[in-house]
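Novice: Pasting a structure here, questions to come.
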Amino acid sequence: MFEVLEKILSGSGGDFADIRYEVMQETAISFSGKELTALSANATDGYVVRALNKGGMASVAFTKQAEAGTAIKSALENATLFAKNTAKPIRLAKTEAVQDTFSPKLGEDPRQVSMAEKMELVKKYNDIPLAQAKVVNTAIGYSEVHRRKYYLNSEGSRIQEDLITTSIRGLITAKEGHLTQNIRVGIGGSDGFGSIRGQEQHFEKQTKLVLDLLQAQPVKSGVYRCIINPSLAGVFAHEAFGHFSEADIIETLPAMRQRMKLGNRLGSGILNIIDDATRPGQLGFYKYDDEGVPVRPIQLIKEGVLVGRLHSRRTAVEFDEPFSGHCVAEDYRYAPIVRMGTTYIEPGENSFNDLLQITGDGLYLLDAKGGQTAGENFTFGANYGYEVKNGRADRMVRDINISGNLYQTLMDIKAVGNDLELSKTGGCGKGQTNIRSCNGGPHIIIDNLVVGGI
Amino acid sequence: MEKLLDMAKKAADQAEVYSADNISNSVSFQDAKLYNIETNFLSGVSLRIIKDGRLGFAYTRNLIDRQELLNNALRSLEGGVEAPYELPATTGIKKIDTYDPTSKTITSSELVEEAKRICGVVESKTTGEIMAVAFADRDSLRILNSKGTDVNRQSSIAGTYGSIIFPGSGSGIGRIHQSKRFDRMPDVLINEMSSLFGKGRKTVEPKGGRMKVLFMPDSMITLLWRITSGLSGRSIYENISPIADKMGQRIFSPKLTITDDPLNDNYPLARAFDDEGVFCKQLTLIDQGVLKSFYYDLKYAKKLGVASTGHGYRSGPWGGDPITTKPGPFPAHLFIKSGSATLAKLISMMDRGIIVEGALGAHSGNIPNGDFSVGVSPGLYVENGEIVGQVKDAMVAGNIYETLTNVVELGDTLYPSFGGAWVPPLLCDGVSVTTKN
């Protein structure tokens, strides 16, 4: 394949060019209630070229090899147009040329498992909630995505890397009278099919929870001291802070960039956040980003102080900071952008019981249900929660959405638990979807969280 | 494609070949400086076959090996996904005007110039962090099926997006302009965005409670997502729509009329047939608050014993890739009927309330039930008919089946919004707002 890519790129001219070709195999199996609604296995492929010329840069994605000539020409023309319209030429951080072929170690290769067996497994999990009379619907699906990426650039890098992501995820909906409640289910990872076998307990637990939610009270809206569980702490690290450690987000927001200078205090002294996609066996694992740069662990917050940032080669120069290997694309339809890999709050010292005592009166909120950031404001939902009274978890509450402010909320982290869990399924949408976006943390306490009920 | 259809017809009872090409160009300016130029050429072919009432689905980007694509579809059949419906025999589709030939000749340079112009105009009016995007897309689509249907269309959509970010906050006031033909963003949009931005510079900390809320086009996703969920044939079939048994009843305020009008080619992306080759038609969903119709694709129509309303689309709320996505019911051309009030008039009608320019977390919560609970991003606080400043960390919550019975008035202008909808600003009363105070 590299010969073909080399040939496509050879006519590019310009100061720098790279090309990524991907073959993507996708398997999908979905159930809606008892009914199988999808089952397919397909392969698609495509290319992305980027050209840098005289300080201007442009990208072209295309799917037909016959269009390669047009694509390269168009990338170069647009790069030149860019150069004419910018006062500040783009430069790329100097990195080593890499030649490597990498395929991750898998605990059972999903491609070796038959479609029939995959379907049986999904059906088995799906039948767990459906056995309950009050469960009115499920939407549960298996997804397997295998991307083989070929990356080549004009500086001599040639990298082939496989990314294999499997998951079973969805929603269980239960109803009693006029009240409908739902809860998310999700298992998976990037280390093979083994991670989704033997997960009956997860579906049993979620089924019980959604039935319990039918008996729960809506949360009373207000401002609370909250314990949030690792799933929510992860989304919090991702939404409330993580996006602003992506250099391309704050690069062109001068006021935020000023507030996000390395060395600035952003959080309380007990807060440590790291991005470490190199941890093996977890969802966010990869070796090279889509600029051919090896990903490295980046300490983002150390004892409340901002100490690092995630970069592409372009933003590393712009910020005069070390490149980090975080320039990643969803697939062959997109040019890469700066993305978090595996962002998590590092564990602290408190046991869960300590956290309950410290909270006194407040809420204990569990399991993320979507989150979103726009600038300093973020919001995310919790699947369920409990009132905390006198240091004890009390009655269950439902319909929980939290909103907060980046600068304020990180300061309001009052205690950090001594456990750690990382997410098993991803799906961050920053223009493109990243199904391997991984986050996590321990149980933590946050003060002054705005909780909106209904 | 004909060859693929012939092969598929021999192997199955029914077959459909869907072929699409997309070319898109976009440039973006961030902080009023050129940041990105991107081009996409995406093509693909998707095959649906039906045998013994079961569905086989397969797709590829490059139709090189027809037999392999057909084999993938045949393997997919083995799963037993039900397909009880008949593909349509569609001939003599209505001619509608969806393509502007100038979209073919528009250059990246012209896009750069327009985005630069927008930044310049905004800079002359106010000081914020200015973002602008200019884009031009062309699509072609052809659907062939074993019933003899052979329909195709070419379409173009081009436009601009401008926004002014409140420094330090990252959230801002934005407006979109789009049409079949690339043209300049109208001054009225730039002025509106600049004026609202100017009034929101000051941060205020009002008390929460029940108050008036003005949903602007960018935050209407909050309501539209839940409305489209409740009206979907799929939700009816899955027994999760709270309005399944309310046909003919008043479920919203009499001020609210919602139609789906794919044939209206004054707007971009009009359609004469859906992604299953079924004729499109105008469909009134809500008439002065009264539930008039649900919308269906072939599958859910058949399951419920009705006819498809021509709403089988290979994309959902977030767009989606038509080649790799199976058709499902979606109202891709929603219009909420405008009212008579200018934006200024709507604001003057608010004794106390919040203008929600953008909503965070519209995708969270119990959507089928109609519940919403969103962060404002940004929100402008109004007292005695005047904007007094921006409110931060506020959440607006409710249930559409309650909130939309309390519509005070609708704006007189339609704006592009979520999932291809065109909507006016919508003023509701008695909506729950939580703030830090």
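In the structure tokens, chains take the letters A, B, ... in the order shown, each chain's residues start at 1, and ligands count up from 1 in the order shown.
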Each residue of chain A lying at most 6 Å from chain B should get a row with its shortest atom-to-atom pair and the distance in Å to one decimal, counting only C-alpha atoms; could you produce that, ordered by chain and increasing number, as a tab-separated table?
Specialist:
```
residue	atom	partner	partner_atom	distance
A:Leu36	CA	B:Val81	CA	5.3
A:Thr37	CA	B:Val81	CA	5.4
A:Leu39	CA	B:Ser76	CA	5.7
A:Ser40	CA	B:Ser76	CA	4.9
A:Thr44	CA	B:Thr60	CA	5.2
A:Ala58	CA	B:Ile37	CA	5.1
A:Ser59	CA	B:Glu38	CA	5.1
A:Val60	CA	B:Thr39	CA	4.6
A:Ala61	CA	B:Asn40	CA	4.7
A:Phe62	CA	B:Phe41	CA	4.5
A:Thr63	CA	B:Leu42	CA	5.5
A:Thr252	CA	B:Asp31	CA	5.4
A:Ala255	CA	B:Gly168	CA	4.5
A:Met256	CA	B:Gly168	CA	4.5
A:Gly370	CA	B:Ser364	CA	5.3
A:Gly371	CA	B:Gly361	CA	5.9
A:Gln372	CA	B:Gly361	CA	5.5
A:Ala374	CA	B:Ser171	CA	5.4
A:Gly375	CA	B:Gly170	CA	3.5
A:Glu376	CA	B:Ser169	CA	4.9
A:Thr379	CA	B:Gly361	CA	5.8
A:Gly381	CA	B:Ser364	CA	5.9
A:Gly404	CA	B:Asp393	CA	5.6
A:Gly452	CA	B:Met395	CA	5.9
A:Ile454	CA	B:Gly398	CA	5.1
```
Novice: Would you put the residues from that selection into a file with N, CA, C and O atoms, as an mmCIF file, in the first residue's frame?
Specialist:
```cif
data_model
loop_
_atom_site.group_PDB
_atom_site.id
_atom_site.type_symbol
_atom_site.label_atom_id
_atom_site.label_comp_id
_atom_site.auth_asym_id
_atom_site.auth_seq_id
_atom_site.Cartn_x
_atom_site.Cartn_y
_atom_site.Cartn_z
ATOM 1 N N LEU A 36 -34.633 -7.970 16.230
ATOM 2 C CA LEU A 36 -33.326 -7.664 15.644
ATOM 3 C C LEU A 36 -33.546 -6.592 14.590
ATOM 4 O O LEU A 36 -34.371 -6.747 13.692
ATOM 5 N N THR A 37 -32.852 -5.468 14.699
ATOM 6 C CA THR A 37 -33.094 -4.379 13.736
ATOM 7 C C THR A 37 -31.927 -4.161 12.795
ATOM 8 O O THR A 37 -32.054 -3.470 11.796
ATOM 9 N N LEU A 39 -28.101 -6.098 11.278
ATOM 10 C CA LEU A 39 -27.009 -7.057 11.325
ATOM 11 C C LEU A 39 -26.249 -6.893 10.016
ATOM 12 O O LEU A 39 -26.797 -7.116 8.939
ATOM 13 N N SER A 40 -25.027 -6.438 10.099
ATOM 14 C CA SER A 40 -24.255 -6.280 8.872
ATOM 15 C C SER A 40 -22.766 -6.219 9.167
ATOM 16 O O SER A 40 -22.350 -5.894 10.276
ATOM 17 N N THR A 44 -15.219 -0.251 4.310
ATOM 18 C CA THR A 44 -15.136 0.951 3.482
ATOM 19 C C THR A 44 -13.705 1.462 3.561
ATOM 20 O O THR A 44 -12.931 1.038 4.429
ATOM 21 N N ALA A 58 -3.873 23.015 4.147
ATOM 22 C CA ALA A 58 -5.228 22.618 3.776
ATOM 23 C C ALA A 58 -5.310 21.106 3.704
ATOM 24 O O ALA A 58 -4.289 20.429 3.556
ATOM 25 N N SER A 59 -6.531 20.580 3.834
ATOM 26 C CA SER A 59 -6.712 19.128 3.780
ATOM 27 C C SER A 59 -7.823 18.763 2.805
ATOM 28 O O SER A 59 -8.753 19.539 2.585
ATOM 29 N N VAL A 60 -7.705 17.574 2.227
ATOM 30 C CA VAL A 60 -8.741 17.043 1.343
ATOM 31 C C VAL A 60 -8.968 15.570 1.693
ATOM 32 O O VAL A 60 -8.011 14.801 1.785
ATOM 33 N N ALA A 61 -10.218 15.203 1.902
ATOM 34 C CA ALA A 61 -10.568 13.790 2.118
ATOM 35 C C ALA A 61 -11.252 13.296 0.855
ATOM 36 O O ALA A 61 -12.065 14.012 0.267
ATOM 37 N N PHE A 62 -10.920 12.093 0.424
ATOM 38 C CA PHE A 62 -11.559 11.550 -0.783
ATOM 39 C C PHE A 62 -11.651 10.034 -0.683
ATOM 40 O O PHE A 62 -10.924 9.409 0.087
ATOM 41 N N THR A 63 -12.567 9.473 -1.459
ATOM 42 C CA THR A 63 -12.784 8.025 -1.342
ATOM 43 C C THR A 63 -12.420 7.256 -2.611
ATOM 44 O O THR A 63 -12.294 6.048 -2.572
ATOM 45 N N THR A 252 -7.529 29.920 19.596
ATOM 46 C CA THR A 252 -8.098 31.124 18.987
ATOM 47 C C THR A 252 -9.121 31.798 19.893
ATOM 48 O O THR A 252 -9.974 32.531 19.422
ATOM 49 N N ALA A 255 -8.908 35.254 25.350
ATOM 50 C CA ALA A 255 -9.153 35.473 26.777
ATOM 51 C C ALA A 255 -9.025 34.168 27.560
ATOM 52 O O ALA A 255 -8.443 34.135 28.652
ATOM 53 N N MET A 256 -9.527 33.073 26.999
ATOM 54 C CA MET A 256 -9.405 31.777 27.684
ATOM 55 C C MET A 256 -7.952 31.320 27.692
ATOM 56 O O MET A 256 -7.474 30.733 28.649
ATOM 57 N N GLY A 370 -24.485 11.453 29.064
ATOM 58 C CA GLY A 370 -24.324 12.564 28.119
ATOM 59 C C GLY A 370 -23.742 13.779 28.797
ATOM 60 O O GLY A 370 -24.011 14.044 29.962
ATOM 61 N N GLY A 371 -22.921 14.504 28.100
ATOM 62 C CA GLY A 371 -22.356 15.722 28.642
ATOM 63 C C GLY A 371 -21.985 16.632 27.504
ATOM 64 O O GLY A 371 -21.840 16.189 26.364
ATOM 65 N N GLN A 372 -21.869 17.912 27.781
ATOM 66 C CA GLN A 372 -21.528 18.855 26.722
ATOM 67 C C GLN A 372 -20.834 20.073 27.311
ATOM 68 O O GLN A 372 -21.104 20.464 28.443
ATOM 69 N N ALA A 374 -19.553 24.150 26.376
ATOM 70 C CA ALA A 374 -19.387 25.278 25.472
ATOM 71 C C ALA A 374 -18.654 26.309 26.279
ATOM 72 O O ALA A 374 -19.197 26.909 27.182
ATOM 73 N N GLY A 375 -17.398 26.454 25.983
ATOM 74 C CA GLY A 375 -16.614 27.417 26.718
ATOM 75 C C GLY A 375 -16.551 27.029 28.173
ATOM 76 O O GLY A 375 -16.413 25.871 28.523
ATOM 77 N N GLU A 376 -16.696 28.002 29.018
ATOM 78 C CA GLU A 376 -16.507 27.740 30.435
ATOM 79 C C GLU A 376 -17.662 26.946 31.046
ATOM 80 O O GLU A 376 -17.547 26.441 32.141
ATOM 81 N N THR A 379 -22.379 20.912 31.008
ATOM 82 C CA THR A 379 -23.526 20.276 31.616
ATOM 83 C C THR A 379 -23.442 18.787 31.358
ATOM 84 O O THR A 379 -22.903 18.363 30.354
ATOM 85 N N GLY A 381 -25.614 14.828 32.418
ATOM 86 C CA GLY A 381 -26.684 14.148 33.138
ATOM 87 C C GLY A 381 -26.115 13.017 33.974
ATOM 88 O O GLY A 381 -25.038 12.507 33.701
ATOM 89 N N GLY A 404 -22.280 23.529 35.426
ATOM 90 C CA GLY A 404 -21.272 24.202 36.222
ATOM 91 C C GLY A 404 -20.373 25.051 35.359
ATOM 92 O O GLY A 404 -20.575 25.182 34.148
ATOM 93 N N GLY A 452 -30.225 20.725 38.085
ATOM 94 C CA GLY A 452 -31.527 21.139 37.556
ATOM 95 C C GLY A 452 -32.446 19.950 37.527
ATOM 96 O O GLY A 452 -32.140 18.953 36.887
ATOM 97 N N ILE A 454 -36.719 18.838 37.182
ATOM 98 C CA ILE A 454 -37.739 19.186 36.194
ATOM 99 C C ILE A 454 -38.805 20.028 36.876
ATOM 100 O O ILE A 454 -39.208 19.720 37.975
#
```
Novice: Need to verify the contact set: Asp290 of chain A, 7 Å, only C-alpha atoms, exclusion of same-chain residues closer than 4 positions in sequence. Can you return it as a short mmCIF file (atom, residue, chain, number, x, y, z; two decimals) with N, CA, C and O atoms, in the first residue's frame?
Specialist:
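Output file part-v9.cif is given in full below:
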```cif
data_model
loop_
_atom_site.label_atom_id
_atom_site.label_comp_id
_atom_site.auth_asym_id
_atom_site.auth_seq_id
_atom_site.Cartn_x
_atom_site.Cartn_y
_atom_site.Cartn_z
N CYS A 327 -3.19 14.33 17.88
CA CYS A 327 -3.92 14.83 16.70
C CYS A 327 -4.56 13.62 16.00
O CYS A 327 -3.87 12.83 15.35
N VAL A 328 -5.88 13.48 16.16
CA VAL A 328 -6.55 12.22 15.85
C VAL A 328 -7.81 12.49 15.02
O VAL A 328 -8.52 13.45 15.27
N ALA A 329 -8.07 11.62 14.05
CA ALA A 329 -9.28 11.75 13.22
C ALA A 329 -10.24 10.61 13.53
O ALA A 329 -9.83 9.54 13.96
N PRO A 336 -7.26 15.16 10.86
CA PRO A 336 -7.18 15.03 12.32
C PRO A 336 -7.26 16.37 13.05
O PRO A 336 -6.89 17.41 12.51
#
```
Novice: Got a sec: who's within 9 Å of Ser190 of chain A, counting only C-alpha atoms, leaving out chain neighbours fewer than 5 positions off, as a list of chain:residue names?
Specialist: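 That gives A:Pro104, A:Leu106, A:Leu163, A:Ile164, A:Thr165, A:Thr166, A:Ser167, A:Ser195, A:Gly281, A:Gln282, A:Leu283, A:Gly284, A:Phe285, A:Lys424, A:Arg436.
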Novice: DSSP on the backbone: what in segment 100-156 of chain A comes out strand (DSSP E), as a list of chain:residue names?
Specialist: A:Asp100, A:Thr101, A:Phe102, A:Val135, A:Val136, A:Asn137, A:Thr138, A:Ala139, A:Ile140, A:Gly141, A:Tyr142, A:Ser143, A:Glu144, A:Val145, A:His146, A:Arg147, A:Arg148, A:Lys149, A:Tyr150, A:Tyr151, A:Leu152, A:Asn153
Novice: Which residues come within 12 Å of Ala301 of chain B, counting only C-alpha atoms, excluding same-chain residues fewer than 4 positions away, as a PDB file with N, CA, C and O atoms, in the first residue's frame?
Specialist:
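Output below, filename out-v2.pdb:
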```pdb
ATOM      1  N   ALA B  83     -38.156  -7.348   7.314  1.00  0.00           N
ATOM      2  CA  ALA B  83     -38.431  -6.318   6.306  1.00  0.00           C
ATOM      3  C   ALA B  83     -39.745  -6.698   5.645  1.00  0.00           C
ATOM      4  O   ALA B  83     -39.779  -7.278   4.566  1.00  0.00           O
ATOM      5  N   PRO B  84     -40.857  -6.409   6.323  1.00  0.00           N
ATOM      6  CA  PRO B  84     -42.157  -6.879   5.845  1.00  0.00           C
ATOM      7  C   PRO B  84     -42.714  -6.030   4.691  1.00  0.00           C
ATOM      8  O   PRO B  84     -43.776  -6.327   4.168  1.00  0.00           O
ATOM      9  N   TYR B  85     -41.988  -4.986   4.311  1.00  0.00           N
ATOM     10  CA  TYR B  85     -42.545  -3.988   3.385  1.00  0.00           C
ATOM     11  C   TYR B  85     -42.156  -4.262   1.935  1.00  0.00           C
ATOM     12  O   TYR B  85     -41.246  -5.027   1.641  1.00  0.00           O
ATOM     13  N   GLU B  86     -42.871  -3.576   1.039  1.00  0.00           N
ATOM     14  CA  GLU B  86     -42.557  -3.603  -0.383  1.00  0.00           C
ATOM     15  C   GLU B  86     -41.844  -2.304  -0.734  1.00  0.00           C
ATOM     16  O   GLU B  86     -42.279  -1.221  -0.335  1.00  0.00           O
ATOM     17  N   SER B 232     -42.613  10.360  15.935  1.00  0.00           N
ATOM     18  CA  SER B 232     -42.025   9.362  15.050  1.00  0.00           C
ATOM     19  C   SER B 232     -42.807   8.051  15.052  1.00  0.00           C
ATOM     20  O   SER B 232     -43.163   7.523  16.112  1.00  0.00           O
ATOM     21  N   GLY B 233     -43.024   7.504  13.853  1.00  0.00           N
ATOM     22  CA  GLY B 233     -43.654   6.192  13.732  1.00  0.00           C
ATOM     23  C   GLY B 233     -42.912   5.135  14.522  1.00  0.00           C
ATOM     24  O   GLY B 233     -43.509   4.209  15.062  1.00  0.00           O
ATOM     25  N   ARG B 234     -41.603   5.296  14.612  1.00  0.00           N
ATOM     26  CA  ARG B 234     -40.818   4.326  15.371  1.00  0.00           C
ATOM     27  C   ARG B 234     -41.172   4.371  16.861  1.00  0.00           C
ATOM     28  O   ARG B 234     -41.313   3.340  17.502  1.00  0.00           O
ATOM     29  N   SER B 235     -41.321   5.606  17.404  1.00  0.00           N
ATOM     30  CA  SER B 235     -41.699   5.733  18.822  1.00  0.00           C
ATOM     31  C   SER B 235     -43.086   5.156  19.083  1.00  0.00           C
ATOM     32  O   SER B 235     -43.341   4.591  20.145  1.00  0.00           O
ATOM     33  N   ILE B 236     -43.975   5.320  18.095  1.00  0.00           N
ATOM     34  CA  ILE B 236     -45.332   4.772  18.251  1.00  0.00           C
ATOM     35  C   ILE B 236     -45.236   3.246  18.310  1.00  0.00           C
ATOM     36  O   ILE B 236     -45.785   2.603  19.203  1.00  0.00           O
ATOM     37  N   TYR B 237     -44.479   2.692  17.361  1.00  0.00           N
ATOM     38  CA  TYR B 237     -44.341   1.229  17.311  1.00  0.00           C
ATOM     39  C   TYR B 237     -43.684   0.695  18.586  1.00  0.00           C
ATOM     40  O   TYR B 237     -44.073  -0.348  19.113  1.00  0.00           O
ATOM     41  N   PHE B 294     -48.580  11.461  12.584  1.00  0.00           N
ATOM     42  CA  PHE B 294     -47.213  11.016  12.866  1.00  0.00           C
ATOM     43  C   PHE B 294     -46.511  10.872  11.519  1.00  0.00           C
ATOM     44  O   PHE B 294     -47.139  10.993  10.472  1.00  0.00           O
ATOM     45  N   TYR B 295     -45.210  10.625  11.556  1.00  0.00           N
ATOM     46  CA  TYR B 295     -44.506  10.422  10.279  1.00  0.00           C
ATOM     47  C   TYR B 295     -43.863   9.038  10.266  1.00  0.00           C
ATOM     48  O   TYR B 295     -43.476   8.507  11.308  1.00  0.00           O
ATOM     49  N   TYR B 296     -43.785   8.460   9.052  1.00  0.00           N
ATOM     50  CA  TYR B 296     -43.353   7.064   8.929  1.00  0.00           C
ATOM     51  C   TYR B 296     -42.387   6.842   7.770  1.00  0.00           C
ATOM     52  O   TYR B 296     -42.447   7.552   6.770  1.00  0.00           O
ATOM     53  N   ASP B 297     -41.561   5.840   7.920  1.00  0.00           N
ATOM     54  CA  ASP B 297     -40.818   5.295   6.783  1.00  0.00           C
ATOM     55  C   ASP B 297     -41.548   4.017   6.345  1.00  0.00           C
ATOM     56  O   ASP B 297     -42.623   3.698   6.860  1.00  0.00           O
ATOM     57  N   GLY B 305     -49.505  -0.742  10.000  1.00  0.00           N
ATOM     58  CA  GLY B 305     -50.641  -0.857   9.094  1.00  0.00           C
ATOM     59  C   GLY B 305     -51.069   0.442   8.448  1.00  0.00           C
ATOM     60  O   GLY B 305     -52.242   0.675   8.184  1.00  0.00           O
ATOM     61  N   VAL B 306     -50.122   1.347   8.227  1.00  0.00           N
ATOM     62  CA  VAL B 306     -50.439   2.602   7.525  1.00  0.00           C
ATOM     63  C   VAL B 306     -49.477   2.724   6.339  1.00  0.00           C
ATOM     64  O   VAL B 306     -48.646   1.850   6.106  1.00  0.00           O
ATOM     65  N   ALA B 307     -49.590   3.849   5.604  1.00  0.00           N
ATOM     66  CA  ALA B 307     -48.698   4.040   4.463  1.00  0.00           C
ATOM     67  C   ALA B 307     -47.521   4.924   4.873  1.00  0.00           C
ATOM     68  O   ALA B 307     -47.661   5.781   5.743  1.00  0.00           O
ATOM     69  N   SER B 308     -46.387   4.714   4.230  1.00  0.00           N
ATOM     70  CA  SER B 308     -45.245   5.597   4.495  1.00  0.00           C
ATOM     71  C   SER B 308     -45.630   7.018   4.132  1.00  0.00           C
ATOM     72  O   SER B 308     -46.294   7.260   3.130  1.00  0.00           O
ATOM     73  N   THR B 309     -45.202   7.957   4.965  1.00  0.00           N
ATOM     74  CA  THR B 309     -45.461   9.363   4.649  1.00  0.00           C
ATOM     75  C   THR B 309     -44.292   9.949   3.861  1.00  0.00           C
ATOM     76  O   THR B 309     -44.218  11.146   3.635  1.00  0.00           O
ATOM     77  N   GLY B 310     -43.345   9.106   3.480  1.00  0.00           N
ATOM     78  CA  GLY B 310     -42.179   9.612   2.720  1.00  0.00           C
ATOM     79  C   GLY B 310     -41.133  10.205   3.637  1.00  0.00           C
ATOM     80  O   GLY B 310     -40.490  11.194   3.305  1.00  0.00           O
ATOM     81  N   HIS B 311     -40.960   9.569   4.808  1.00  0.00           N
ATOM     82  CA  HIS B 311     -39.976  10.095   5.761  1.00  0.00           C
ATOM     83  C   HIS B 311     -38.893   9.086   6.103  1.00  0.00           C
ATOM     84  O   HIS B 311     -38.407   9.042   7.231  1.00  0.00           O
ATOM     85  N   GLY B 312     -38.538   8.242   5.131  1.00  0.00           N
ATOM     86  CA  GLY B 312     -37.427   7.318   5.356  1.00  0.00           C
ATOM     87  C   GLY B 312     -36.122   7.979   4.958  1.00  0.00           C
ATOM     88  O   GLY B 312     -35.852   8.180   3.773  1.00  0.00           O
ATOM     89  N   GLY B 328     -34.451   5.293   8.307  1.00  0.00           N
ATOM     90  CA  GLY B 328     -35.325   5.276   9.475  1.00  0.00           C
ATOM     91  C   GLY B 328     -36.198   6.506   9.389  1.00  0.00           C
ATOM     92  O   GLY B 328     -35.898   7.426   8.622  1.00  0.00           O
ATOM     93  N   PRO B 329     -37.288   6.558  10.164  1.00  0.00           N
ATOM     94  CA  PRO B 329     -38.171   7.718  10.053  1.00  0.00           C
ATOM     95  C   PRO B 329     -37.536   8.995  10.613  1.00  0.00           C
ATOM     96  O   PRO B 329     -36.998   8.976  11.724  1.00  0.00           O
TER      97      PRO B 329
END
```
Novice: Find, counting only C-alpha atoms, the residue in A:His326, A:Arg314, A:Lys73, A:Arg169 that gets nearest to Thr278 of chain A.
Specialist: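 Of A:His326, A:Arg314, A:Lys73, A:Arg169, the one nearest Thr278 of chain A is A:His326, counting only C-alpha atoms.
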Novice: Using only C-alpha atoms, determine which residues lie at most 7 Å from Ile173 of chain B, disregarding the query and same-chain residues fewer than 4 positions distant; provide the list as a list in words.
Specialist: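 Non-adjacent residues within range: Ser163, Ile164, Ile165, Met193, Phe197 and Glu357 of chain B.
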Novice: Could you pull out the residues in segment 40-137 of chain A that DSSP calls alpha helix (DSSP H) from the backbone, as an NGL selection string?
Specialist: :A and (68-84 or 115-130)
Novice: For Leu449 of chain A, which of A:Met1, A:Ile228, A:Ala368, A:Ala335 is the closest residue, counting only C-alpha atoms?
Specialist: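 Closest to Leu449 of chain A of all the choices is A:Ile228.
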Novice: Which neighbours of Gly170 of chain A fall inside 8 Å, counting only C-alpha atoms, when residues of the same chain fewer than 2 positions from it are skipped, and could you give them as a PyMOL selection string?
Specialist: chain A and resi 138-141+168+172+184-186
Novice: Give me the residues within 12 Å of Gln215 of chain A as a ChimeraX atom specification, counting only C-alpha atoms and dropping any in the same chain fewer than 5 places off.
Specialist: /A:134,174-177,179-181,208-210,384,395-398
Novice: Of the residues B:Thr160, B:Ser229, B:Ser195, B:Ser103, which is the one nearest to Ala134 of chain B, using only C-alpha atoms?
Specialist: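 The shortest atom-to-atom distance to Ala134 of chain B comes from B:Thr160.
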